[in-house]
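Q: Next comes the structure file run-v4.txt, holding compact mmCIF, C-alpha atoms.
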# COMPACT_ATOMS: atom_id res chain seq x y z
CA MET A 615 28.50 -47.26 25.79
CA LYS A 616 29.07 -43.99 27.69
CA LYS A 617 31.44 -42.75 24.97
CA GLN A 618 28.87 -43.61 22.30
CA PHE A 619 26.19 -41.80 24.27
CA LYS A 620 28.46 -38.75 24.61
CA ARG A 621 29.13 -38.79 20.88
CA LEU A 622 25.39 -38.99 20.17
CA ALA A 623 24.70 -36.18 22.62
CA ALA A 624 27.42 -34.04 21.07
CA PHE A 625 26.08 -34.78 17.59
CA ALA A 626 22.54 -33.86 18.67
CA ALA A 627 23.79 -30.63 20.24
CA ALA A 628 25.69 -29.78 17.07
CA MET A 629 22.61 -30.44 14.95
CA MET A 630 20.51 -28.30 17.27
CA MET A 631 23.03 -25.46 17.02
CA THR A 632 23.07 -25.76 13.24
CA ALA A 633 19.29 -25.59 13.18
CA LEU A 634 19.28 -22.53 15.42
CA LEU A 635 21.87 -20.82 13.25
CA ALA A 636 19.81 -21.62 10.19
CA ILE A 637 16.71 -20.16 11.81
CA THR A 638 18.66 -17.08 12.84
CA ALA A 639 20.02 -16.68 9.31
CA TYR A 640 16.55 -17.08 7.84
CA ALA A 641 15.20 -14.38 10.13
CA GLU A 642 17.87 -11.78 9.25
CA THR A 643 15.68 -8.70 9.14
CA THR A 644 16.75 -5.07 9.23
CA ILE A 645 14.16 -2.47 10.20
CA ALA A 646 14.91 0.65 8.15
CA VAL A 647 14.86 4.00 9.94
CA GLU A 648 13.58 7.11 8.20
CA GLY A 649 16.32 8.74 6.13
CA VAL A 650 19.12 6.42 7.34
CA LYS A 651 21.22 4.58 4.76
CA VAL A 652 20.99 0.76 5.04
CA PRO A 653 23.54 -1.63 3.46
CA LEU A 654 22.40 -4.90 1.85
CA SER A 655 24.62 -7.68 0.45
CA THR A 656 23.36 -8.37 -3.06
CA VAL A 657 24.60 -8.52 -6.68
CA ASN A 658 24.99 -6.11 -9.55
CA ARG A 659 22.02 -6.67 -11.85
CA ASN A 660 24.20 -6.26 -14.95
CA THR A 661 27.55 -7.88 -14.11
CA HIS A 662 26.15 -10.43 -11.60
CA GLU A 663 29.06 -9.64 -9.27
CA ALA A 664 28.65 -9.36 -5.51
CA MET A 665 28.16 -5.86 -4.17
CA ILE A 666 26.82 -3.94 -1.19
CA GLY A 667 23.68 -2.00 -2.05
CA GLN A 668 22.99 1.15 -0.07
CA PHE A 669 19.28 1.92 0.41
CA THR A 670 17.57 4.92 1.97
CA PHE A 671 13.84 5.06 2.73
CA SER A 672 11.63 8.02 3.52
CA LYS A 673 7.91 8.83 3.80
CA THR A 674 8.52 12.21 2.16
CA PRO A 675 10.85 13.19 -0.71
CA ILE A 676 14.39 13.80 0.49
CA PRO A 677 15.69 17.25 -0.53
CA GLY A 678 18.05 17.02 -3.47
CA LYS A 679 16.71 13.65 -4.60
CA PRO A 680 14.90 13.25 -7.94
CA LEU A 681 11.57 11.70 -6.91
CA LEU A 682 8.92 14.41 -6.91
CA GLU A 683 5.39 13.77 -5.70
CA SER A 684 4.04 16.20 -8.29
CA GLU A 685 5.01 13.69 -10.98
CA VAL A 686 2.62 11.06 -9.62
CA PRO A 687 -1.13 11.07 -10.45
CA LEU A 688 -2.59 10.47 -6.99
CA GLU A 689 -6.40 10.39 -7.00
CA GLU A 690 -7.95 11.39 -3.71
CA VAL A 691 -10.96 9.35 -2.54
CA ALA A 692 -13.17 10.33 0.39
CA GLY A 693 -12.43 8.17 3.44
CA TYR A 694 -8.96 7.17 2.20
CA GLU A 695 -5.43 8.52 2.56
CA TRP A 696 -2.08 7.90 0.83
CA LYS A 697 0.90 6.27 2.53
CA ARG A 698 4.18 6.95 0.75
CA VAL A 699 7.56 5.26 0.42
CA TYR A 700 10.42 6.98 -1.40
CA MET A 701 13.33 4.57 -1.86
CA TYR A 702 16.77 5.65 -3.04
CA PHE A 703 19.87 3.59 -3.82
CA ASP A 704 23.42 4.77 -4.42
CA ASP A 705 24.30 2.42 -7.28
CA HIS A 706 21.87 2.38 -10.20
CA ASP A 707 22.76 -1.25 -10.94
CA THR A 708 21.84 -2.57 -7.49
CA GLY A 709 19.95 -5.86 -7.78
CA PHE A 710 16.93 -6.29 -5.51
CA THR A 711 13.35 -7.48 -5.37
CA TYR A 712 10.53 -6.02 -3.30
CA ALA A 713 7.35 -7.15 -1.61
CA ARG A 714 4.45 -5.76 0.44
CA ASP A 715 2.91 -6.99 3.67
CA ILE A 716 -0.43 -5.35 4.52
CA ASP A 717 -2.85 -6.62 7.14
CA ASN A 718 -6.19 -7.89 5.83
CA ALA A 719 -5.37 -7.05 2.19
CA LYS A 720 -6.88 -9.19 -0.58
CA ASP A 721 -8.17 -9.22 -4.18
CA TRP A 722 -5.06 -7.74 -5.74
CA GLY A 723 -5.35 -6.74 -9.40
CA GLN A 724 -2.65 -5.28 -11.60
CA GLN A 725 -2.31 -3.09 -14.67
CA LEU A 726 0.40 -1.15 -16.44
CA ILE A 727 -0.32 2.45 -17.35
CA GLU A 728 1.70 4.18 -20.06
CA SER A 729 2.65 7.63 -18.89
CA ASP A 730 4.48 10.78 -19.84
CA LEU A 731 5.84 11.22 -16.33
CA GLY A 732 9.41 11.00 -17.53
CA LEU A 733 9.90 7.61 -15.90
CA SER A 734 13.02 5.90 -17.17
CA HIS A 735 11.23 2.60 -17.71
CA GLY A 736 8.03 3.91 -19.30
CA PRO A 737 4.83 2.65 -17.66
CA TYR A 738 4.05 2.62 -13.98
CA HIS A 739 2.33 -0.20 -12.08
CA VAL A 740 -1.11 0.21 -10.51
CA GLN A 741 -2.82 -2.40 -8.36
CA ASN A 742 -6.26 -2.14 -6.81
CA PHE A 743 -6.90 -4.15 -3.68
CA THR A 744 -9.30 -4.48 -0.77
CA ILE A 745 -8.75 -4.14 2.98
CA THR A 746 -11.32 -5.83 5.22
CA SER A 747 -11.90 -4.53 8.73
CA ASN A 748 -14.86 -4.87 11.09
CA ASN A 749 -16.60 -6.92 8.39
CA ILE A 750 -16.45 -3.99 5.97
CA ASP A 751 -14.63 -4.28 2.62
CA TYR A 752 -12.75 -1.11 1.69
CA THR A 753 -12.53 -1.72 -2.05
CA GLN A 754 -10.87 1.48 -3.25
CA CYS A 755 -7.42 0.77 -1.89
CA MET A 756 -4.67 1.29 -4.45
CA TYR A 757 -0.95 0.69 -4.88
CA ILE A 758 1.23 2.62 -7.36
CA ASN A 759 4.90 2.18 -8.09
CA ALA A 760 7.41 3.20 -10.73
CA GLU A 761 11.17 3.44 -10.97
CA TYR A 762 13.66 6.09 -11.88
CA ARG A 763 16.51 3.64 -12.48
CA ASP A 764 18.86 6.14 -14.07
CA LYS A 765 18.05 8.65 -11.32
CA GLY A 766 18.69 6.24 -8.47
CA GLY A 767 15.29 5.67 -6.92
CA MET A 768 11.73 4.36 -6.92
CA PHE A 769 8.45 5.38 -5.32
CA TYR A 770 5.69 3.22 -3.80
CA PHE A 771 2.35 4.71 -2.78
CA PHE A 772 -0.53 2.98 -0.96
CA ARG A 773 -4.10 4.33 -0.71
CA VAL A 774 -5.68 2.90 2.45
CA PRO A 775 -8.68 3.80 4.65
CA ILE A 776 -8.20 6.82 6.88
CA GLY A 777 -7.15 5.72 10.35
CA PHE A 778 -6.10 2.21 9.26
CA THR A 779 -3.74 1.03 12.00
CA GLY A 780 -2.88 -2.37 10.54
CA LYS A 781 0.56 -3.35 9.36
CA ILE A 782 1.82 -1.77 6.15
CA ASN A 783 5.35 -2.98 5.50
CA PHE A 784 7.48 -2.41 2.43
CA ILE A 785 10.17 -5.10 2.09
CA VAL A 786 13.36 -5.28 0.01
CA HIS A 787 15.25 -8.53 -0.62
CA PRO A 788 18.74 -8.94 -2.08
CA THR A 789 19.23 -11.12 -5.15
CA LYS A 790 21.60 -13.75 -6.48
CA TYR A 791 22.05 -15.53 -9.80
CA GLU A 792 21.13 -19.19 -10.25
CA ASP A 793 21.17 -20.93 -13.65
CA GLY A 794 21.47 -17.59 -15.40
CA LYS A 795 18.48 -16.07 -13.61
CA ARG A 796 18.32 -13.47 -10.85
CA VAL A 797 16.35 -14.78 -7.88
CA SER A 798 15.34 -13.28 -4.56
CA ILE A 799 17.16 -14.21 -1.34
CA LYS A 800 14.35 -14.43 1.20
CA SER A 801 16.73 -15.14 4.09
CA SER A 802 17.69 -11.47 4.31
CA GLU A 803 15.47 -8.41 4.09
CA ILE A 804 15.05 -4.72 4.84
CA VAL A 805 11.64 -3.75 6.22
CA PHE A 806 10.34 -0.19 6.13
CA GLN A 807 7.25 0.23 8.30
CA LEU A 808 4.75 2.79 7.02
CA ASN A 809 2.31 2.40 9.90
CA ASP A 810 4.77 1.96 12.74
CA GLY A 811 3.61 3.84 15.82
CA VAL A 812 0.37 5.14 14.29
CA PRO A 813 -2.06 5.88 17.15
CA PRO A 814 -5.55 4.36 16.95
CA MET A 815 -8.03 6.53 15.07
CA PRO A 816 -11.74 6.12 14.48
CA TRP A 817 -12.69 4.53 11.19
CA VAL A 818 -15.08 6.33 8.87
CA THR A 819 -18.67 5.37 9.69
CA PRO A 820 -20.85 4.80 6.60
CA GLY A 821 -24.11 6.75 6.38
CA TRP A 822 -25.23 10.37 6.41
CA GLN A 823 -22.60 13.11 6.62
CA GLN A 824 -23.21 16.86 6.76
CA ASP A 825 -20.88 19.72 5.93
CA ALA A 826 -21.21 23.36 4.92
CA PHE A 827 -22.58 22.38 1.50
CA GLY A 828 -25.28 19.96 2.59
CA TRP A 829 -25.89 16.26 3.21
CA ARG A 830 -24.10 13.30 1.60
CA VAL A 831 -24.25 9.52 2.09
CA LEU A 832 -20.95 7.69 2.61
CA ASN A 833 -20.66 4.10 1.34
CA PRO A 834 -18.80 1.41 3.34
CA ASP A 835 -15.92 1.54 0.82
CA GLY A 836 -15.36 5.27 1.40
CA SER A 837 -17.08 6.54 -1.75
CA TYR A 838 -20.25 8.65 -1.80
CA VAL A 839 -23.65 7.84 -3.31
CA VAL A 840 -23.96 9.86 -6.53
CA ASN A 841 -26.61 10.20 -9.26
CA SER A 842 -28.84 7.77 -7.41
CA TRP A 843 -31.80 7.37 -5.07
CA TYR A 844 -30.97 6.45 -1.49
CA GLN A 845 -33.42 4.90 0.94
CA SER A 846 -32.77 5.65 4.58
CA PRO A 847 -32.60 2.38 6.55
CA GLU A 848 -33.96 4.21 9.60
CA SER A 849 -37.01 5.96 8.15
CA GLY A 850 -37.50 4.14 4.85
CA MET A 851 -37.77 7.49 3.06
CA TRP A 852 -36.15 8.09 -0.34
CA TYR A 853 -33.64 10.85 -1.14
CA TYR A 854 -31.86 11.72 -4.37
CA MET A 855 -28.06 12.28 -4.30
CA GLY A 856 -26.80 14.47 -7.14
CA ALA A 857 -23.70 14.26 -9.34
CA ASP A 858 -21.60 15.95 -6.65
CA GLY A 859 -22.90 13.54 -4.00
CA TYR A 860 -25.08 16.11 -2.22
CA MET A 861 -28.77 15.55 -1.51
CA LEU A 862 -31.18 17.47 -3.75
CA THR A 863 -33.86 19.58 -2.09
CA ASN A 864 -37.01 21.33 -3.29
CA THR A 865 -36.48 20.40 -6.93
CA SER A 866 -37.21 17.80 -9.58
CA THR A 867 -34.88 14.82 -9.98
CA PRO A 868 -33.33 13.63 -13.27
CA ASP A 869 -36.02 10.93 -13.56
CA GLY A 870 -38.85 13.46 -13.25
CA LEU A 871 -39.84 13.03 -9.58
CA TRP A 872 -39.91 15.69 -6.89
CA VAL A 873 -38.11 16.09 -3.55
CA ASN A 874 -39.27 18.55 -0.91
CA GLU A 875 -37.29 21.02 1.19
CA ASP A 876 -36.10 18.16 3.40
CA GLY A 877 -34.93 16.16 0.42
CA VAL A 878 -37.67 13.55 0.81
CA ARG A 879 -39.28 12.17 -2.35
CA VAL A 880 -42.84 13.36 -2.75
CA PRO A 881 -45.17 10.49 -3.73
Kindly transcribe the structure held in the file into structure tokens.
A:
Amino acid sequence: MKKQFKRLAAFAAAMMMTALLAITAYAETTIAVEGVKVPLSTVNRNTHEAMIGQFTFSKTPIPGKPLLESEVPLEEVAGYEWKRVYMYFDDHDTGFTYARDIDNAKDWGQQLIESDLGLSHGPYHVQNFTITSNNIDYTQCMYINAEYRDKGGMFYFFRVPIGFTGKINFIVHPTKYEDGKRVSIKSSEIVFQLNDGVPPMPWVTPGWQQDAFGWRVLNPDGSYVVNSWYQSPESGMWYYMGADGYMLTNTSTPDGLWVNEDGVRVP
């Protein structure tokens, strides 16, 4: 009976160790450091043979590398900023898949845009998405990526609200071949953290904003009110915001009404 109990205990311990090893293997994550080459066991995407891929990540273009920011059509939106990932790999045939992990991101859409950027694979990918924070939906977030396969690299750009301190992780997985198809190995990954160590910053507050050119009204999504009447929630008065977003004063509006020197609509 004691021997049987010992065998059962040994078996249970072995099973527990196996489970722990499996969990450890599943959680094999490498945090990439800026500009440092990271090896990844994967396969050649053409020959299907095992290989070690060598990846390098950076938030700015690395001198001597082919990915140039000037080749990318980045649209600036008030209240938003771009986060950048430049990824390089030594072997052009390195097989990998990639993913994104962004806090409070939702409503992802996708489109392909044909371009003359000289990209080796033609179109680049654009996805609009929304980040929700403090019960405000920031709807003008954007993700752009394209690849320079024959030049050994790819770029990934994220437009997010200014001061967003949530997680923005770019993740690379190795691949393997099963039944003639290349599939992702989720048990191993490289994670490059775009927002690691970002100090807290104040979020943009919607409402009136003044600069050297006049007054504008900022929407919750970071855009400005344009070509439209705006009613102040505090005073209930109406103001007209022009095509450039600035409040009109002492003039007629496109719909034939009048605003005084303070921008207030005259009855």
Q: My list of candidates is A:Thr661, A:Thr674, A:Thr711, A:Asn748. Which is closest to Ile799 in chain A when distances are computed with all atoms listed in the file?
A: A:Thr711
Q: Kindly give the distance, in Å, that separates CA of Gly766 in chain A and CA of Thr670 in chain A, rounded to a single decimal.
A: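 So the two atoms, CA of Gly766 in chain A and CA of Thr670 in chain A, lie 10.6 Å apart.
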Q: Ranking A:Ser837, A:Gln845, A:Gln823, A:Thr865 by minimum distance to Pro775 in chain A and counting all atoms listed in the file, which one comes first?
A: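 Among A:Ser837, A:Gln845, A:Gln823, A:Thr865, it is A:Ser837 that comes nearest to Pro775 in chain A.
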Q: Could you jot down the CA of Asp707 in chain A to CA of Ile645 in chain A separation for me, Å, one decimal place?
A: 22.9 Å
Q: Just how far from CA of Tyr752 in chain A is CA of Ser846 in chain A, in Å to one decimal?
A: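 For CA of Ser846 in chain A relative to CA of Tyr752 in chain A, the distance reads 21.3 Å.
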Q: Between A:Trp872, A:Tyr838, A:Trp722, A:Phe669, which has the minimum distance to Ala692 in chain A (counting all atoms listed in the file)?
A: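 With all atoms listed in the file as the atom set, the closest residue is A:Tyr838.
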Q: Residues within 7 Å of Pro653 in chain A, please, as a count of residues only. Count all atoms listed in the file; anything in the same chain fewer than 4 positions from it doesn't count.
A: 4
Q: (-1.1, 6.0, -4.4) in this file's frame - what residues fall within 9 Å of it? Use only C-alpha atoms and give the answer as number ranges by chain.
A: A: 686-690, 695-698, 740, 755-759, 770-774
Q: Which residue is closest to Glu848 in chain A? Choose from A:Tyr694, A:Gly821, A:Glu648, A:Ser798 and count all atoms listed in the file.
A: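 Among the listed residues, the smallest separation from Glu848 in chain A belongs to A:Gly821.
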Q: Contacts of Phe671 in chain A at 7 Å or less, counting all atoms listed in the file, minus same-chain residues fewer than 2 places along, as a tab-separated table (two decimals) with C-alpha atoms, in the frame of the given file?
A:
chain	number	residue	atom	x	y	z
A	648	GLU	CA	13.58	7.11	8.20
A	649	GLY	CA	16.32	8.74	6.13
A	669	PHE	CA	19.28	1.92	0.41
A	699	VAL	CA	7.56	5.26	0.42
A	700	TYR	CA	10.42	6.98	-1.40
A	701	MET	CA	13.33	4.57	-1.86
A	702	TYR	CA	16.77	5.65	-3.04
Q: What lies within 12 Å of Ala713 in chain A using all atoms listed in the file, ignoring chain neighbours under 2 positions off, as a ChimeraX atom specification?
A: /A:710-711,715-716,757,759,770,782-788,798,800,803-806
Q: Of the candidates A:Gln741, A:Asn809, A:Thr746, A:Ser802, which shows the shortest atom-to-atom distance to Gly777 in chain A, using only C-alpha atoms?
A: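 Selected residue with least distance to Gly777 in chain A: A:Asn809.
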Q: Point out the residue among A:Asn749, A:Gln824, A:Asn718, A:Gln725 with the least atom-to-atom distance to Lys781 in chain A, counting only C-alpha atoms.
A: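 Ranking A:Asn749, A:Gln824, A:Asn718, A:Gln725 by distance to Lys781 in chain A, first place goes to A:Asn718.
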Q: Edge lengths and centre, in Å to one decimal, as lines of an AutoDock Vina configuration file: that's what I need for the box along x, y and z that holds all listed atoms of range 689-704 of chain A plus 4 Å on each side.
A:
center_x = 5.1
center_y = 7.5
center_z = -1.8
size_x = 44.6
size_y = 15.8
size_z = 18.4
Q: Residues within 12 Å of Arg796 in chain A, please, as a list in words. Count only C-alpha atoms; anything in the same chain fewer than 5 positions from it doesn't count.
A: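 Answer for this query is Thr656, Val657, Asn658, Arg659, Asn660, Thr661, His662, Glu663, Thr708, Gly709, Phe710, Thr711, His787, Pro788, Thr789, Lys790 and Tyr791 of chain A.
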Q: Which residues are near Asp858 in chain A? Cut-off 10 Å, all atoms listed in the file, ignore same chain within fewer than 4 positions. Put them as JSON, numbers by chain.
A: {"A": [830, 838, 839, 840, 841]}
